[in-house]
Amino acid sequence: MIDHGVHPPRTQTVEAVMRAELAHGDTMAGTILPILRHLISAEDNSVFSDEILARVRGMLAALANGLLDATFAVDGQAVHGGHPPKLVDALTGAFMDHPPLLAHLHCTALEWQLTERLQARLALDPVVSPLVQALIASPDSATQGLGMTFLAAQARWCQAQRRMELAPSELPGELFHAALLALRAVCASDLELARRSGIAEAGLRERYDEAASRLGLAGRLVVSMGGGAQAALSISHAGIALFLTALAMGSGQERDPVVLSTHESQLARFALALRAAGQKASLVEEQFLALHPDVTMPAGFDRLGVDLAASILASGRYTG
């Protein structure tokens with residue numbers, strides 16, 4: 001199909017090609033987390049210390065320190081870092097033992113890598129895309145306000161990613177809950193730590209607002225666009241953050257598998273998601289041109305209907 005350099009027989013239908021490529025990509029995706037966990041936890045990583053590994057490690061440490069900051073500050077004293085290394089290691093280890101959390105951090109690192117690549121290659125601003133500009137210039141005050149709030153959240157996320165950090169409050173709800181459970185478990189053996197972490201957990205839960213996170217705001221912004229949300233399915237117009245959110249919503253997938261589908265090993269899933277979201281074949285090709293300019297769509301892809309693309313996509317085994 002589209003990324004392996006293999007040319008199928010002309011008698012093979014595009015549906016069969018896409019199903020085979022999706023299965024191949026899903027099999028590869030299923031191996032990512034065990035390998036990622038092994039590489040992150042390995043003591044000697046010199047051969048594998050690439051940007052993604054470093055960024056995931058940085059975010060793991062930032063999450064751990066963020067929760068421990070709250071734990072050690074429950075008596076009113078501000079604390080930032082400097083926690084016992086064994087405690088930080090125990091908490092990051094607990095995070096790594098939670099596959100959905102590790103997968104989310106991996107996809108966050110991939111999204112930032114893609115954001116930087118598109119800024120360099122297409123001069124696409126990581127914060128203020130043409131769509132965001134249009135939304136904050138809207139005569140509708142609600143749309144304008146939501147656009148400005150998202151812009152600020154995206155700017156903070158970019159700054160954090162440059163430092164290889166992620167705040168606990170930026171995690172999706174179920175992962176925020178999992179991180180707090182990990183904190184509780186790590187602190188349970190020490191009565192004073194357990195007391196502090198319990199108070200910190202209650203405060204963190206009270207202040208947490210998923211709808212105010214960057215991803216929550218992106219989702220609200222896409223929903224607010226109604227029928228105009230198709231405009232967010234253009235990478236060069238929407239910017240990668242809103243594009244990924246719109247594609248997840250439009251194709252009926254979770255956002256993290258959509259982020260992963262932008263990788264060159266997952267192009268069948270990416271193509272099927274775009275088609276399932278209602279994109280015409282010509283517009284699908286435009287998105288591939290933005291991300292993977294050397295990729296050619298398989299013969300007959302333009303005849304693959306929206307419903308069939310969604311059906312093939314739903315048959316995939318990988319969900320994140």
# chains A, B, ... in the order shown; residues from 1 in each chain; ligands from 1
call {"tool": "residues_around", "arguments": {"residues": "Leu146 of chain A", "least_positions_apart": "3", "cutoff": "8 Å", "atoms": "only C-alpha atoms", "output": "ChimeraX atom specification"}}
result
/A:136,142-143,149-150,217,221
call {"tool": "write_last_selection", "arguments": {"atoms": "C-alpha atoms", "output": "short mmCIF file (atom, residue, chain, number, x, y, z; two decimals), in the first residue's frame"}}
result
data_model
loop_
_atom_site.label_atom_id
_atom_site.label_comp_id
_atom_site.auth_asym_id
_atom_site.auth_seq_id
_atom_site.Cartn_x
_atom_site.Cartn_y
_atom_site.Cartn_z
CA ILE A 136 -10.51 34.81 17.72
CA ALA A 142 -18.37 33.13 22.89
CA THR A 143 -16.37 31.79 19.95
CA THR A 149 -8.53 30.62 25.87
CA PHE A 150 -7.40 27.79 23.62
CA LEU A 217 -10.55 23.33 25.02
CA LEU A 221 -13.68 24.57 20.03
#
call {"tool": "closest_atom_pairs", "arguments": {"of": "segment 146-250 of chain A", "to": "segment 291-297 of chain A", "cutoff": "12 Å", "atoms": "only C-alpha atoms", "output": "JSON lines"}}
result
{"residue": "A:Ser234", "atom": "CA", "partner": "A:Leu291", "partner_atom": "CA", "distance": 11.2}
{"residue": "A:Ile235", "atom": "CA", "partner": "A:Leu291", "partner_atom": "CA", "distance": 8.7}
{"residue": "A:Ser236", "atom": "CA", "partner": "A:Leu291", "partner_atom": "CA", "distance": 10.0}
{"residue": "A:Gly239", "atom": "CA", "partner": "A:Leu291", "partner_atom": "CA", "distance": 12.0}
{"residue": "A:Ile240", "atom": "CA", "partner": "A:Leu291", "partner_atom": "CA", "distance": 10.3}
call {"tool": "residues_around", "arguments": {"residues": "Arg275 of chain A", "least_positions_apart": "4", "cutoff": "10 Å", "atoms": "only C-alpha atoms", "output": "ChimeraX atom specification"}}
result
/A:247,250-251,269-271,279-281,283-284,301-302,304-310,313
call {"tool": "write_last_selection", "arguments": {"atoms": "C-alpha atoms", "output": "short mmCIF file (atom, residue, chain, number, x, y, z; two decimals), in the first residue's frame"}}
result
data_model
loop_
_atom_site.label_atom_id
_atom_site.label_comp_id
_atom_site.auth_asym_id
_atom_site.auth_seq_id
_atom_site.Cartn_x
_atom_site.Cartn_y
_atom_site.Cartn_z
CA LEU A 247 -9.95 14.00 13.03
CA GLY A 250 -14.84 12.94 12.85
CA SER A 251 -13.56 9.37 12.58
CA ARG A 269 -5.13 4.22 9.65
CA PHE A 270 -4.48 7.88 8.89
CA ALA A 271 -5.94 7.64 5.38
CA GLN A 279 -12.78 14.08 3.55
CA LYS A 280 -12.80 13.75 -0.22
CA ALA A 281 -9.92 11.77 -1.72
CA LEU A 283 -8.35 16.52 0.40
CA VAL A 284 -6.92 13.32 1.91
CA PHE A 301 -8.57 5.05 -3.09
CA ASP A 302 -10.84 7.73 -4.53
CA LEU A 304 -13.39 4.08 -1.21
CA GLY A 305 -16.64 5.33 0.33
CA VAL A 306 -16.96 7.03 3.71
CA ASP A 307 -18.99 4.19 5.24
CA LEU A 308 -16.63 1.50 3.99
CA ALA A 309 -13.62 3.44 5.27
CA ALA A 310 -15.28 3.71 8.69
CA LEU A 313 -11.21 1.41 10.47
#
call {"tool": "closest_atom_pairs", "arguments": {"of": "segment 216-314 of chain A", "to": "segment 167-173 of chain A", "cutoff": "12 Å", "atoms": "only C-alpha atoms", "output": "JSON lines"}}
result
{"residue": "A:Gly216", "atom": "CA", "partner": "A:Pro172", "partner_atom": "CA", "distance": 8.1}
{"residue": "A:Leu217", "atom": "CA", "partner": "A:Glu170", "partner_atom": "CA", "distance": 10.8}
{"residue": "A:Gly219", "atom": "CA", "partner": "A:Pro172", "partner_atom": "CA", "distance": 11.8}
{"residue": "A:Glu254", "atom": "CA", "partner": "A:Pro172", "partner_atom": "CA", "distance": 11.4}
{"residue": "A:Arg255", "atom": "CA", "partner": "A:Pro172", "partner_atom": "CA", "distance": 10.7}
{"residue": "A:Asp256", "atom": "CA", "partner": "A:Pro172", "partner_atom": "CA", "distance": 10.9}
call {"tool": "atom_distance", "arguments": {"atom1": "atom CA of Leu175 of chain A", "atom2": "atom CA of His104 of chain A"}}
result
8.6 Å
call {"tool": "closest_atom_pairs", "arguments": {"of": "segment 148-210 of chain A", "to": "segment 120-131 of chain A", "cutoff": "8 Å", "atoms": "only C-alpha atoms", "output": "tab-separated table"}}
result
residue	atom	partner	partner_atom	distance
A:Leu151	CA	A:Val127	CA	6.2
A:Gln154	CA	A:Val127	CA	5.8
A:Ala155	CA	A:Val127	CA	5.7
A:Cys158	CA	A:Pro126	CA	7.5
call {"tool": "atom_distance", "arguments": {"atom1": "atom CA of Leu91 of chain A", "atom2": "atom CA of Leu180 of chain A"}}
result
10.1 Å
call {"tool": "atom_distance", "arguments": {"atom1": "atom CA of Leu110 of chain A", "atom2": "atom CA of Val259 of chain A"}}
result
7.2 Å
call {"tool": "closest_residue", "arguments": {"among": "A:Ala212, A:Ala290, A:Arg55, A:Val132", "to": "Met225 of chain A", "atoms": "only C-alpha atoms"}}
result
A:Val132
call {"tool": "closest_residue", "arguments": {"among": "A:Thr13, A:Thr27, A:Thr108, A:Ser138", "to": "Val258 of chain A", "atoms": "only C-alpha atoms"}}
result
A:Thr108
call {"tool": "closest_residue", "arguments": {"among": "A:Ala277, A:Ala185, A:Ala16, A:Ala109", "to": "Ala160 of chain A", "atoms": "only C-alpha atoms"}}
result
A:Ala109
